[in-house]
$ cat entry_3.tsv   # TSV, C-alpha atoms and all ligand atoms
chain	number	residue	atom	x	y	z
O	60	MET	CA	0.00	0.00	0.00
O	61	PRO	CA	1.38	3.44	-0.80
O	62	SER	CA	1.76	5.82	2.08
O	63	ARG	CA	-0.78	8.60	2.32
O	64	ARG	CA	1.94	11.17	1.74
O	65	ARG	CA	3.20	9.53	-1.43
O	66	PHE	CA	-0.35	9.31	-2.70
O	67	ALA	CA	-0.88	13.01	-2.03
O	68	THR	CA	2.21	13.94	-4.06
O	69	GLN	CA	1.11	11.81	-6.96
O	70	ALA	CA	-2.39	13.15	-6.61
O	71	ALA	CA	-1.10	16.63	-7.31
O	72	GLY	CA	0.42	15.28	-10.52
O	73	LEU	CA	-2.82	13.59	-11.42
O	74	ALA	CA	-4.70	16.83	-10.90
O	75	LEU	CA	-2.43	18.46	-13.44
O	76	ALA	CA	-2.85	15.61	-15.87
O	77	VAL	CA	-6.63	15.76	-15.69
O	78	THR	CA	-6.83	19.50	-16.00
O	79	GLY	CA	-4.78	19.72	-19.13
O	80	ASP	CA	-1.02	19.39	-18.59
O	81	TRP	CA	-1.15	16.82	-21.25
O	82	VAL	CA	1.15	16.24	-24.15
O	83	ARG	CA	-0.34	13.38	-26.12
O	84	PRO	CA	-0.05	14.22	-29.83
O	85	LEU	CA	-2.95	13.98	-32.25
O	86	ARG	CA	-2.26	10.87	-34.31
O	87	ALA	CA	-4.47	9.19	-36.84
O	88	GLN	CA	-3.62	5.51	-36.39
O	89	PRO	CA	-6.03	2.60	-36.32
O	90	GLY	CA	-7.20	1.95	-32.79
O	91	ASP	CA	-6.11	5.38	-31.60
O	92	PRO	CA	-9.01	6.81	-29.61
O	93	LEU	CA	-8.14	10.27	-30.93
O	94	ALA	CA	-8.01	9.20	-34.60
O	95	PRO	CA	-11.59	10.43	-35.25
O	96	TRP	CA	-10.35	14.01	-34.68
O	97	ALA	CA	-8.36	13.80	-37.94
O	98	VAL	CA	-11.40	13.71	-40.21
O	99	THR	CA	-10.82	12.39	-43.72
O	100	PRO	CA	-13.37	12.83	-46.54
O	101	ARG	CA	-15.52	9.81	-47.38
O	102	THR	CA	-17.16	9.09	-50.74
O	103	ASP	CA	-20.66	9.52	-49.30
O	104	PRO	CA	-20.94	13.16	-48.15
O	105	ARG	CA	-23.28	12.05	-45.35
O	106	LEU	CA	-20.46	10.00	-43.85
O	107	THR	CA	-18.05	12.93	-44.05
O	108	ALA	CA	-20.52	15.18	-42.25
O	109	LEU	CA	-21.20	12.45	-39.68
O	110	ALA	CA	-17.47	11.98	-39.11
O	111	TRP	CA	-17.40	15.61	-37.95
O	112	ALA	CA	-20.64	15.31	-35.99
O	113	VAL	CA	-19.24	12.60	-33.67
O	114	LEU	CA	-16.81	15.25	-32.37
O	115	ALA	CA	-19.71	17.12	-30.76
O	116	PRO	CA	-19.84	17.81	-27.02
O	117	ASN	CA	-22.13	15.42	-25.17
O	118	PRO	CA	-22.77	14.52	-21.52
O	119	HIS	CA	-20.07	12.35	-19.96
O	120	ASN	CA	-18.79	11.68	-23.48
O	121	ARG	CA	-21.47	8.97	-23.75
O	122	GLN	CA	-21.68	9.57	-27.53
O	123	PRO	CA	-25.36	8.62	-27.42
O	124	TRP	CA	-25.88	8.71	-31.19
O	125	LEU	CA	-26.83	5.98	-33.64
O	126	MET	CA	-27.42	6.75	-37.28
O	127	ARG	CA	-29.26	4.98	-40.07
O	128	LEU	CA	-28.64	5.97	-43.69
O	129	ALA	CA	-31.84	6.04	-45.75
O	130	GLY	CA	-31.97	6.39	-49.53
O	131	THR	CA	-29.10	8.42	-50.94
O	132	GLU	CA	-29.51	11.72	-49.06
O	133	THR	CA	-31.11	11.08	-45.67
O	134	ILE	CA	-29.81	10.29	-42.18
O	135	LEU	CA	-32.08	9.16	-39.36
O	136	LEU	CA	-30.58	10.08	-36.00
O	137	HIS	CA	-31.49	7.89	-33.02
O	138	MET	CA	-30.61	7.93	-29.36
O	139	ASP	CA	-28.65	4.84	-28.27
O	140	LEU	CA	-30.95	3.72	-25.46
O	141	GLU	CA	-28.09	1.70	-23.91
O	142	ARG	CA	-26.19	4.92	-23.22
O	143	ARG	CA	-28.51	6.58	-20.77
O	144	LEU	CA	-27.55	8.37	-17.57
O	145	PRO	CA	-30.55	7.36	-15.46
O	146	GLU	CA	-29.30	8.83	-12.18
O	147	THR	CA	-28.20	12.31	-13.27
O	148	ASP	CA	-30.30	12.69	-16.43
O	149	PRO	CA	-33.53	10.86	-15.59
O	150	PHE	CA	-35.50	12.39	-18.48
O	151	ASP	CA	-32.67	12.17	-21.07
O	152	ARG	CA	-32.76	15.96	-21.36
O	153	GLN	CA	-28.99	16.40	-21.33
O	154	LEU	CA	-28.41	13.50	-23.71
O	155	LEU	CA	-30.87	15.13	-26.11
O	156	ILE	CA	-28.94	18.41	-25.85
O	157	GLY	CA	-25.86	16.42	-26.89
O	158	LEU	CA	-27.79	15.12	-29.90
O	159	GLY	CA	-28.67	18.72	-30.75
O	160	CYS	CA	-24.95	19.60	-30.64
O	161	PHE	CA	-24.28	16.64	-32.93
O	162	THR	CA	-26.91	17.75	-35.45
O	163	GLU	CA	-25.67	21.33	-35.65
O	164	LEU	CA	-22.09	20.17	-36.16
O	165	LEU	CA	-23.32	17.82	-38.89
O	166	ARG	CA	-25.13	20.72	-40.57
O	167	LEU	CA	-22.03	22.96	-40.43
O	168	ALA	CA	-19.83	20.17	-41.83
O	169	ALA	CA	-22.25	19.63	-44.72
O	170	ALA	CA	-22.38	23.39	-45.40
O	171	GLU	CA	-18.59	23.44	-45.50
O	172	ARG	CA	-18.87	21.19	-48.56
O	173	GLY	CA	-21.67	23.33	-50.02
O	174	LEU	CA	-24.55	21.06	-48.99
O	175	ALA	CA	-27.67	22.19	-47.15
O	176	ALA	CA	-29.12	20.05	-44.35
O	177	GLU	CA	-32.91	19.92	-43.94
O	178	ILE	CA	-33.49	19.03	-40.30
O	179	THR	CA	-36.83	17.65	-39.10
O	180	PRO	CA	-36.75	17.06	-35.34
O	181	PHE	CA	-38.90	14.18	-34.03
O	182	PRO	CA	-40.47	13.19	-37.37
O	183	GLU	CA	-42.55	10.53	-35.56
O	184	GLY	CA	-43.46	12.71	-32.56
O	185	GLU	CA	-41.80	13.99	-29.36
O	186	PRO	CA	-40.93	11.18	-26.95
O	187	GLN	CA	-42.01	11.76	-23.33
O	188	PRO	CA	-41.21	11.31	-20.48
O	189	ARG	CA	-38.01	9.68	-21.81
O	190	LEU	CA	-36.48	9.30	-25.24
O	191	ASP	CA	-37.44	6.10	-27.06
O	192	ALA	CA	-36.63	4.20	-30.24
O	193	ARG	CA	-38.26	6.76	-32.53
O	194	PRO	CA	-35.90	9.01	-34.49
O	195	ILE	CA	-34.61	12.18	-32.85
O	196	ALA	CA	-34.25	13.84	-36.24
O	197	ARG	CA	-34.46	13.21	-39.94
O	198	ILE	CA	-31.66	15.04	-41.73
O	199	THR	CA	-31.56	15.29	-45.51
O	200	LEU	CA	-28.50	16.69	-47.27
O	201	ARG	CA	-29.91	18.34	-50.35
O	202	GLY	CA	-29.49	21.66	-52.14
O	203	ALA	CA	-26.85	24.32	-51.71
O	204	ALA	CA	-25.57	26.04	-48.56
O	205	ARG	CA	-22.82	28.53	-47.76
O	206	PRO	CA	-20.07	27.58	-45.32
O	207	ASP	CA	-20.45	28.98	-41.80
O	208	PRO	CA	-17.31	30.68	-40.36
O	209	LEU	CA	-17.92	28.88	-37.04
O	210	PHE	CA	-16.87	25.60	-38.64
O	211	ALA	CA	-13.24	26.77	-38.63
O	212	ALA	CA	-13.17	26.00	-34.88
O	213	ALA	CA	-14.66	22.48	-35.12
O	214	ALA	CA	-11.40	20.54	-34.68
O	215	ARG	CA	-10.17	22.82	-31.87
O	216	ARG	CA	-13.40	22.98	-29.86
O	217	ARG	CA	-13.18	21.58	-26.33
O	218	SER	CA	-15.09	21.46	-23.09
O	219	ALA	CA	-12.15	22.93	-21.17
O	220	LYS	CA	-12.11	21.39	-17.67
O	221	GLN	CA	-9.49	23.59	-16.04
O	222	PRO	CA	-9.21	26.84	-14.05
O	223	TYR	CA	-9.28	29.94	-16.27
O	224	ASP	CA	-7.28	33.15	-16.06
O	225	VAL	CA	-9.31	35.24	-13.61
O	226	THR	CA	-6.94	38.19	-14.00
O	227	ARG	CA	-8.43	38.72	-17.48
O	228	PRO	CA	-12.08	39.76	-17.61
O	229	VAL	CA	-14.24	38.47	-20.44
O	230	GLU	CA	-14.90	41.57	-22.54
O	231	ALA	CA	-18.38	42.85	-23.42
O	232	ALA	CA	-17.44	42.70	-27.11
O	233	ALA	CA	-16.77	38.96	-26.82
O	234	ILE	CA	-20.15	38.44	-25.18
O	235	ALA	CA	-21.84	40.33	-28.03
O	236	THR	CA	-20.06	38.11	-30.57
O	237	LEU	CA	-21.17	34.97	-28.79
O	238	ARG	CA	-24.77	36.14	-28.68
O	239	ALA	CA	-24.68	37.01	-32.39
O	240	ALA	CA	-23.54	33.47	-33.24
O	241	LEU	CA	-26.72	31.87	-31.89
O	242	LEU	CA	-29.86	30.73	-33.69
O	243	ALA	CA	-31.96	31.85	-30.68
O	244	PRO	CA	-30.04	34.83	-29.21
O	245	ALA	CA	-32.97	35.73	-26.96
O	246	GLY	CA	-32.20	32.67	-24.83
O	247	PHE	CA	-28.58	33.65	-24.23
O	248	GLY	CA	-27.38	34.96	-20.88
O	249	ALA	CA	-23.96	35.84	-19.49
O	250	GLU	CA	-22.42	37.28	-16.31
O	251	THR	CA	-18.90	38.69	-16.46
O	252	GLY	CA	-18.98	40.95	-13.40
O	253	ASP	CA	-19.88	39.74	-9.93
O	254	VAL	CA	-20.09	35.98	-10.34
O	255	ALA	CA	-19.85	35.13	-6.62
O	256	ARG	CA	-23.47	34.01	-6.27
O	257	LEU	CA	-23.49	31.85	-9.39
O	258	ARG	CA	-20.11	30.36	-8.59
O	259	ASP	CA	-21.28	29.45	-5.11
O	260	LEU	CA	-24.46	27.90	-6.48
O	261	ALA	CA	-22.65	25.87	-9.18
O	262	TRP	CA	-20.04	24.66	-6.69
O	263	ARG	CA	-22.66	23.69	-4.08
O	264	ALA	CA	-24.52	21.76	-6.78
O	265	TRP	CA	-21.29	20.00	-7.79
O	266	GLN	CA	-20.86	18.89	-4.18
O	267	VAL	CA	-24.45	17.64	-3.97
O	268	GLU	CA	-23.79	15.37	-6.95
O	269	ALA	CA	-20.40	14.24	-5.62
O	270	GLN	CA	-21.96	13.30	-2.28
O	271	ASP	CA	-24.96	11.51	-3.73
O	272	ARG	CA	-23.70	7.96	-3.98
O	273	ALA	CA	-25.98	6.84	-6.82
O	274	ALA	CA	-25.26	9.93	-8.93
O	275	TRP	CA	-21.51	9.86	-8.30
O	276	MET	CA	-21.14	6.12	-8.91
O	277	GLU	CA	-22.87	6.56	-12.25
O	278	THR	CA	-19.83	8.64	-13.25
O	279	VAL	CA	-17.34	6.22	-11.66
O	280	ARG	CA	-18.81	3.34	-13.69
O	281	LEU	CA	-18.08	5.37	-16.83
O	282	MET	CA	-14.42	5.95	-15.93
O	283	ARG	CA	-11.91	4.24	-18.22
O	284	PHE	CA	-8.82	3.47	-16.16
O	285	GLY	CA	-5.69	3.75	-18.31
O	286	SER	CA	-4.78	4.01	-21.99
O	287	ALA	CA	-5.61	0.38	-22.78
O	288	ALA	CA	-9.11	0.75	-21.32
O	289	VAL	CA	-9.61	4.04	-23.18
O	290	ALA	CA	-8.53	2.43	-26.47
O	291	ALA	CA	-10.90	-0.50	-25.87
O	292	THR	CA	-13.84	1.77	-24.93
O	293	PRO	CA	-13.22	5.31	-26.20
O	294	ASP	CA	-16.09	7.00	-24.39
O	295	GLY	CA	-17.02	8.02	-20.85
O	296	VAL	CA	-14.50	9.67	-18.53
O	297	SER	CA	-10.98	8.88	-19.73
O	298	LEU	CA	-8.23	8.64	-17.10
O	299	TRP	CA	-5.13	8.19	-19.22
O	300	GLY	CA	-1.73	9.55	-20.16
O	301	PRO	CA	1.69	8.44	-18.89
O	302	GLN	CA	1.20	9.67	-15.33
O	303	MET	CA	-2.22	8.18	-14.79
O	304	ASP	CA	-1.27	4.95	-16.53
O	305	GLY	CA	1.59	4.67	-14.02
O	306	MET	CA	-0.70	5.21	-11.04
O	307	ILE	CA	-3.20	2.72	-12.42
O	308	ALA	CA	-0.46	0.11	-12.97
O	309	ALA	CA	0.70	0.69	-9.38
O	310	GLY	CA	-2.85	0.05	-8.12
O	311	GLN	CA	-3.22	3.59	-6.79
O	312	LEU	CA	-6.01	4.72	-9.05
O	313	THR	CA	-8.86	2.23	-8.98
O	314	PRO	CA	-12.67	2.33	-9.03
O	315	ALA	CA	-12.59	1.81	-5.25
O	316	ALA	CA	-10.34	4.88	-4.83
O	317	MET	CA	-12.98	6.96	-6.62
O	318	GLU	CA	-15.81	6.13	-4.21
O	319	PRO	CA	-17.16	9.07	-2.20
O	320	GLY	CA	-14.66	10.16	0.46
O	321	GLN	CA	-11.83	7.97	-0.93
O	322	PRO	CA	-8.48	9.41	-2.16
O	323	GLY	CA	-9.40	9.60	-5.88
O	324	TRP	CA	-12.70	11.27	-5.03
O	325	ARG	CA	-10.84	13.79	-2.85
O	326	ILE	CA	-8.57	14.63	-5.78
O	327	GLY	CA	-11.62	15.32	-7.92
O	328	PHE	CA	-13.05	17.46	-5.14
O	329	SER	CA	-9.95	19.67	-4.89
O	330	GLN	CA	-9.66	19.89	-8.66
O	331	TYR	CA	-13.19	21.17	-8.98
O	332	GLN	CA	-12.74	23.56	-6.08
O	333	ALA	CA	-9.83	25.08	-8.04
O	334	ILE	CA	-11.86	25.05	-11.24
O	335	PHE	CA	-14.73	26.99	-9.66
O	336	GLU	CA	-12.29	29.40	-8.04
O	337	GLY	CA	-10.77	29.88	-11.49
O	338	THR	CA	-14.01	31.25	-12.88
O	339	ASN	CA	-14.85	34.88	-13.60
O	340	ALA	CA	-17.66	34.50	-16.13
O	341	PHE	CA	-20.66	32.27	-16.72
O	342	THR	CA	-22.95	31.85	-19.68
O	343	TRP	CA	-26.28	30.05	-20.03
O	344	LEU	CA	-29.06	29.18	-22.45
O	345	VAL	CA	-32.77	29.47	-21.59
O	346	THR	CA	-35.76	28.21	-23.58
O	347	PRO	CA	-39.31	29.56	-23.09
O	348	GLY	CA	-40.70	26.06	-22.37
O	349	ASN	CA	-39.09	22.66	-21.87
O	350	SER	CA	-40.31	20.68	-24.88
O	351	ARG	CA	-38.15	18.12	-26.63
O	352	ALA	CA	-37.85	20.48	-29.62
O	353	GLU	CA	-36.56	23.24	-27.32
O	354	GLN	CA	-34.03	20.96	-25.63
O	355	PHE	CA	-32.79	19.85	-29.06
O	356	ALA	CA	-32.57	23.47	-30.25
O	357	ALA	CA	-30.63	24.43	-27.10
O	358	GLY	CA	-28.08	21.76	-28.01
O	359	ARG	CA	-27.67	23.21	-31.47
O	360	ASP	CA	-26.99	26.61	-29.93
O	361	TRP	CA	-24.60	25.24	-27.31
O	362	LEU	CA	-22.45	23.86	-30.11
O	363	ARG	CA	-22.52	27.26	-31.82
O	364	LEU	CA	-21.64	28.99	-28.56
O	365	ASN	CA	-18.73	26.60	-27.98
O	366	LEU	CA	-17.40	27.20	-31.51
O	367	ALA	CA	-17.82	30.97	-31.29
O	368	ALA	CA	-15.98	31.01	-27.94
O	369	THR	CA	-13.16	28.94	-29.47
O	370	LEU	CA	-12.84	31.34	-32.42
O	371	HIS	CA	-12.62	34.16	-29.90
O	372	GLY	CA	-9.83	32.47	-27.93
O	373	LEU	CA	-12.19	31.75	-25.01
O	374	ALA	CA	-12.64	28.48	-23.13
O	375	LEU	CA	-16.02	27.05	-22.15
O	376	GLN	CA	-17.06	24.22	-19.83
O	377	PRO	CA	-20.60	23.15	-19.07
O	378	VAL	CA	-21.30	22.90	-15.34
O	379	SER	CA	-24.60	21.05	-15.38
O	380	GLN	CA	-25.02	19.80	-11.83
O	381	ALA	CA	-27.56	22.45	-10.71
O	382	LEU	CA	-29.66	21.74	-13.82
O	383	GLN	CA	-30.02	18.04	-13.11
O	384	GLU	CA	-33.45	16.65	-12.34
O	385	PHE	CA	-32.76	14.09	-9.59
O	386	PRO	CA	-34.34	14.46	-6.14
O	387	ALA	CA	-31.22	15.43	-4.15
O	388	MET	CA	-30.62	18.33	-6.59
O	389	ALA	CA	-34.10	19.85	-6.15
O	390	GLY	CA	-32.84	22.80	-4.08
O	391	PRO	CA	-30.04	24.02	-6.42
O	392	TYR	CA	-32.32	23.29	-9.40
O	393	ARG	CA	-35.00	25.64	-8.06
O	394	GLU	CA	-32.36	28.26	-7.22
O	395	VAL	CA	-30.76	28.28	-10.65
O	396	GLN	CA	-34.09	28.36	-12.48
O	397	ALA	CA	-35.25	31.29	-10.30
O	398	LEU	CA	-31.97	33.16	-10.73
O	399	LEU	CA	-31.47	32.73	-14.48
O	400	GLY	CA	-34.62	31.25	-15.98
O	401	GLY	CA	-36.86	34.34	-16.18
O	402	GLY	CA	-39.91	32.07	-16.26
O	403	GLY	CA	-38.37	29.73	-18.89
O	404	THR	CA	-36.08	26.71	-18.45
O	405	VAL	CA	-32.34	27.00	-18.10
O	406	GLN	CA	-31.02	24.26	-20.41
O	407	MET	CA	-27.26	24.86	-20.19
O	408	LEU	CA	-24.93	26.64	-17.77
O	409	GLY	CA	-21.22	26.97	-18.39
O	410	ARG	CA	-18.03	28.59	-17.17
O	411	LEU	CA	-16.47	30.92	-19.68
O	412	GLY	CA	-13.01	32.47	-19.58
O	413	HIS	CA	-9.55	32.99	-20.93
O	414	PRO	CA	-7.73	29.66	-20.93
O	415	LEU	CA	-4.43	29.27	-19.12
O	416	ARG	CA	-3.40	26.36	-21.33
O	417	ALA	CA	-4.69	24.26	-24.21
O	418	ALA	CA	-7.27	21.62	-23.29
O	419	PRO	CA	-6.83	18.09	-24.63
O	420	PRO	CA	-9.23	16.41	-27.06
O	421	THR	CA	-11.38	13.57	-25.74
O	422	PRO	CA	-11.65	10.09	-27.30
O	423	ARG	CA	-14.33	9.11	-29.79
O	424	TRP	CA	-15.70	5.92	-31.31
O	425	PRO	CA	-15.11	5.95	-35.09
O	426	VAL	CA	-18.20	7.14	-36.96
O	427	GLU	CA	-18.55	3.86	-38.83
O	428	SER	CA	-19.09	2.02	-35.54
O	429	ARG	CA	-22.20	4.11	-34.85
O	430	ILE	CA	-24.02	3.44	-38.13
O	431	LEU	CA	-26.93	1.00	-37.99
O	432	ALA	CA	-27.17	-1.53	-40.80
O	433	GLY	CA	-30.17	-1.57	-43.17
L	501	LIG	C1	-25.66	18.56	-22.09
L	501	LIG	C2	-24.21	18.54	-21.68
L	501	LIG	C3	-23.88	18.59	-20.34
L	501	LIG	C4	-22.54	18.58	-19.94
L	501	LIG	N1	-22.24	18.73	-18.60
L	501	LIG	C5	-20.95	18.80	-18.21
L	501	LIG	C6	-20.61	19.04	-16.85
L	501	LIG	O1	-21.46	19.18	-15.99
L	501	LIG	N2	-19.30	19.13	-16.52
L	501	LIG	C7	-18.31	19.00	-17.46
L	501	LIG	O2	-17.15	19.08	-17.11
L	501	LIG	N3	-18.60	18.76	-18.75
L	501	LIG	C8	-19.90	18.66	-19.15
L	501	LIG	N4	-20.20	18.47	-20.47
L	501	LIG	C9	-19.09	18.35	-21.45
L	501	LIG	C10	-18.77	16.89	-21.75
L	501	LIG	O3	-18.15	16.28	-20.66
L	501	LIG	C11	-17.88	16.86	-22.99
L	501	LIG	O4	-18.60	17.39	-24.08
L	501	LIG	C12	-17.42	15.46	-23.35
L	501	LIG	O5	-16.62	14.91	-22.34
L	501	LIG	C13	-16.62	15.49	-24.65
L	501	LIG	O6	-15.53	16.39	-24.52
L	501	LIG	P1	-15.33	17.62	-25.50
L	501	LIG	O7	-16.54	18.48	-25.43
L	501	LIG	O8	-14.10	18.34	-25.00
L	501	LIG	O9	-15.15	17.07	-26.89
L	501	LIG	C14	-21.52	18.48	-20.91
L	501	LIG	C15	-21.85	18.44	-22.27
L	501	LIG	C16	-23.18	18.46	-22.65
L	501	LIG	C17	-23.53	18.45	-24.12
$ encode --input "entry_3.tsv" --output "structure tokens"
Amino acid sequence: MPSRRRFATQAAGLALAVTGDWVRPLRAQPGDPLAPWAVTPRTDPRLTALAWAVLAPNPHNRQPWLMRLAGTETILLHMDLERRLPETDPFDRQLLIGLGCFTELLRLAAAERGLAAEITPFPEGEPQPRLDARPIARITLRGAARPDPLFAAAARRRSAKQPYDVTRPVEAAAIATLRAALLAPAGFGAETGDVARLRDLAWRAWQVEAQDRAAWMETVRLMRFGSAAVAATPDGVSLWGPQMDGMIAAGQLTPAAMEPGQPGWRIGFSQYQAIFEGTNAFTWLVTPGNSRAEQFAAGRDWLRLNLAATLHGLALQPVSQALQEFPAMAGPYREVQALLGGGGTVQMLGRLGHPLRAAPPTPRWPVESRILAG
């Protein structure tokens, strides 16, 4: 057994590794979990657009998409019902937002090649109270479209899980640019001045989730411990890189160490404390109601917001805990809706700021593995 002191020293290293002190190069080799980030054109333009779409942000990197190709121009997008997050996303609202991000990235990728995407959300009706086997969207690539400048940031976009530079305020001009990038600018909100109340609320909500055993263990079950595990299952929460691989090989970083109150959990706690302290701006998206179509549309705009922030040199990280609809979160949920919702529903809340360092890309399943036959 390692001594507590030795573990603490290595834990500091791990914290760095997780928050972005990370040097793994982008390589496009078979079996490399980062290979999907080096998109190569396919013969079928739908596949090229889909190869970009799988790079979309999505909760816990579940990659909850399944696609069926129909005819020569159409894609039917489905939710992979095996990839739910029943504890923290009991109504599949966040997963649907991820599918909205996916669809908007697909549309931008098609436009980059001059193709328009006709998007029909829920062509067989809106699934309630949870998503089901019916399609989330029918997307037809047909007709001409102009490229969107946001696409230039697609390969660099990240959910940057690290403290930001709080000595540099986020400028009003940047906020105006972000708003202008959205399909529904009326739902956009941002705070770049006194963020103490929001920061406190988001951090308290993070702690509620971390101390709720069922919610926290849902995340732990999605952790991939070490590079070999990440390569075998390139989704979920990847704990990899030379330093973490070493700790895993030495038996110091295990699922048991991540249980509430255990050393790995405590590392996560201090990391997130630093992350919330390293926050001087927040942004959020509100929809008038909370229909499936609105959740999907919020996802499309979150992707646009993330790309616009990237183009502007700003980092963005969703902090979704207060928006989650499980019983233990009821208090923070009410608070955040009252504070930011204005009578609508807050769909996304994120930290925004000037990055201190580049954030690493996250693994992806190759697009071909997510296409349904027939
Ligand atoms: C609806 C939604 C909710 C998310 N919530 C969180 C969150 O609470 N905390 C966080 O660090 N990342 C959150 N993310 C970001 C994902 O973890 C991230 O998109 C995923 O790991 C892939 O990484 P990437 O965006 O850097 O490609 C969320 C993303 C989406 C779409």
$ closest_residue --input "entry_3.tsv" --among "O:Leu140, O:Leu109, O:Ala397, O:Val296" --to "ligand LIG 501 (chain L)" --atoms "only C-alpha atoms and all ligand atoms"
O:Val296
$ residues_near_ligand --input "entry_3.tsv" --ligand "ligand LIG 501 (chain L)" --cutoff "7 Å" --atoms "all atoms listed in the file" --output "list in words"
Leu114, Ala115, Pro116, Asn117, Pro118, His119, Asn120, Gln153, Leu154, Ile156, Gly157, Cys160, Arg216, Arg217, Ser218, Ala219, Lys220, Val296, Gly358, Gln376, Pro377, Val378, Ser379, Gln380, Met407, Pro420 and Thr421 of chain O
$ closest_residue --input "entry_3.tsv" --among "O:Val267, O:Ala94, O:Ala213, O:Leu382" --to "O:Asn365" --atoms "all atoms listed in the file"
O:Ala213
$ residues_around --input "entry_3.tsv" --residues "O:Pro104" --least-positions-apart "5" --cutoff "12 Å" --atoms "only C-alpha atoms" --output "list in words"
Thr99, Leu109, Ala110, Trp111, Leu128, Thr131, Glu132, Thr133, Ile134, Leu165, Arg166, Ala168, Ala169, Ala170, Glu171, Arg172, Gly173, Leu174, Ala175, Ala176, Thr199, Leu200 and Arg201 of chain O
$ closest_residue --input "entry_3.tsv" --among "O:Asp253, O:Glu394, O:Glu163, O:Glu336" --to "O:Ile178" --atoms "all atoms listed in the file"
O:Glu163
$ closest_residue --input "entry_3.tsv" --among "O:Ala239, O:Ala261, O:Ile198, O:Ala290" --to "O:Leu93" --atoms "only C-alpha atoms"
O:Ala290
$ closest_atom_pairs --input "entry_3.tsv" --of "stretch 297-355 of chain O" --to "stretch 275-284 of chain O" --cutoff "9 Å" --atoms "all atoms listed in the file" --output "Markdown table"
| residue | atom | partner | partner_atom | distance |
| --- | --- | --- | --- | --- |
| O:Ser297 | CA | O:Arg283 | CA | 5.0 |
| O:Leu298 | CA | O:Phe284 | CA | 5.3 |
| O:Trp299 | CA | O:Phe284 | CA | 6.7 |
| O:Met303 | CA | O:Phe284 | CA | 8.2 |
| O:Asp304 | CA | O:Phe284 | CA | 7.7 |
| O:Ile307 | CA | O:Phe284 | CA | 6.8 |
| O:Leu312 | CA | O:Phe284 | CA | 7.7 |
| O:Thr313 | CA | O:Phe284 | CA | 7.3 |
| O:Pro314 | CA | O:Val279 | CA | 6.6 |
| O:Met317 | CA | O:Val279 | CA | 6.7 |
| O:Glu318 | CA | O:Met276 | CA | 7.1 |
| O:Pro319 | CA | O:Trp275 | CA | 7.5 |
$ closest_residue --input "entry_3.tsv" --among "O:Arg359, O:Arg416, O:Arg121, O:Arg127" --to "O:Leu344" --atoms "only C-alpha atoms"
O:Arg359
$ closest_residue --input "entry_3.tsv" --among "O:Arg351, O:Pro92, O:Trp265, O:Arg143" --to "O:Pro186" --atoms "all atoms listed in the file"
O:Arg351
$ residues_around --input "entry_3.tsv" --residues "O:Arg263" --least-positions-apart "6" --cutoff "10 Å" --atoms "all atoms listed in the file" --output "list in words"
Leu257, Ala269, Gln380, Ala381, Met388 and Pro391 of chain O
$ atom_distance --input "entry_3.tsv" --atom1 "atom CA of O:Trp124" --atom2 "atom CA of O:Arg238"
27.6 Å
$ atom_distance --input "entry_3.tsv" --atom1 "atom CA of O:Leu164" --atom2 "atom CA of O:Leu399"
26.8 Å
$ atom_distance --input "entry_3.tsv" --atom1 "atom CA of O:Pro419" --atom2 "atom CA of O:Ala374"
12.0 Å
$ closest_atom_pairs --input "entry_3.tsv" --of "stretch 164-270 of chain O" --to "stretch 337-341 of chain O" --cutoff "9 Å" --atoms "all atoms listed in the file" --output "CSV"
residue,atom,partner,partner_atom,distance
O:Gln221,CA,O:Gly337,CA,7.9
O:Pro222,CA,O:Gly337,CA,4.3
O:Tyr223,CA,O:Gly337,CA,5.0
O:Asp224,CA,O:Gly337,CA,6.6
O:Val225,CA,O:Asn339,CA,5.6
O:Thr226,CA,O:Asn339,CA,8.6
O:Arg227,CA,O:Asn339,CA,8.4
O:Pro228,CA,O:Asn339,CA,6.9
O:Val229,CA,O:Ala340,CA,6.8
O:Gly248,CA,O:Phe341,CA,8.3
O:Ala249,CA,O:Phe341,CA,5.6
O:Glu250,CA,O:Phe341,CA,5.3
O:Thr251,CA,O:Ala340,CA,4.4
O:Gly252,CA,O:Ala340,CA,7.1
O:Asp253,CA,O:Asn339,CA,7.9
O:Val254,CA,O:Asn339,CA,6.3
O:Ala255,CA,O:Asn339,CA,8.6
O:Leu257,CA,O:Phe341,CA,7.9
O:Arg258,CA,O:Thr338,CA,7.5
$ axis_aligned_box --input "entry_3.tsv" --around "stretch 376-385 of chain O" --padding-each-side "6 Å" --output "AutoDock Vina command-line options"
--center_x -25.3 --center_y 19.2 --center_z -14.7 --size_x 28.4 --size_y 22.1 --size_z 22.2
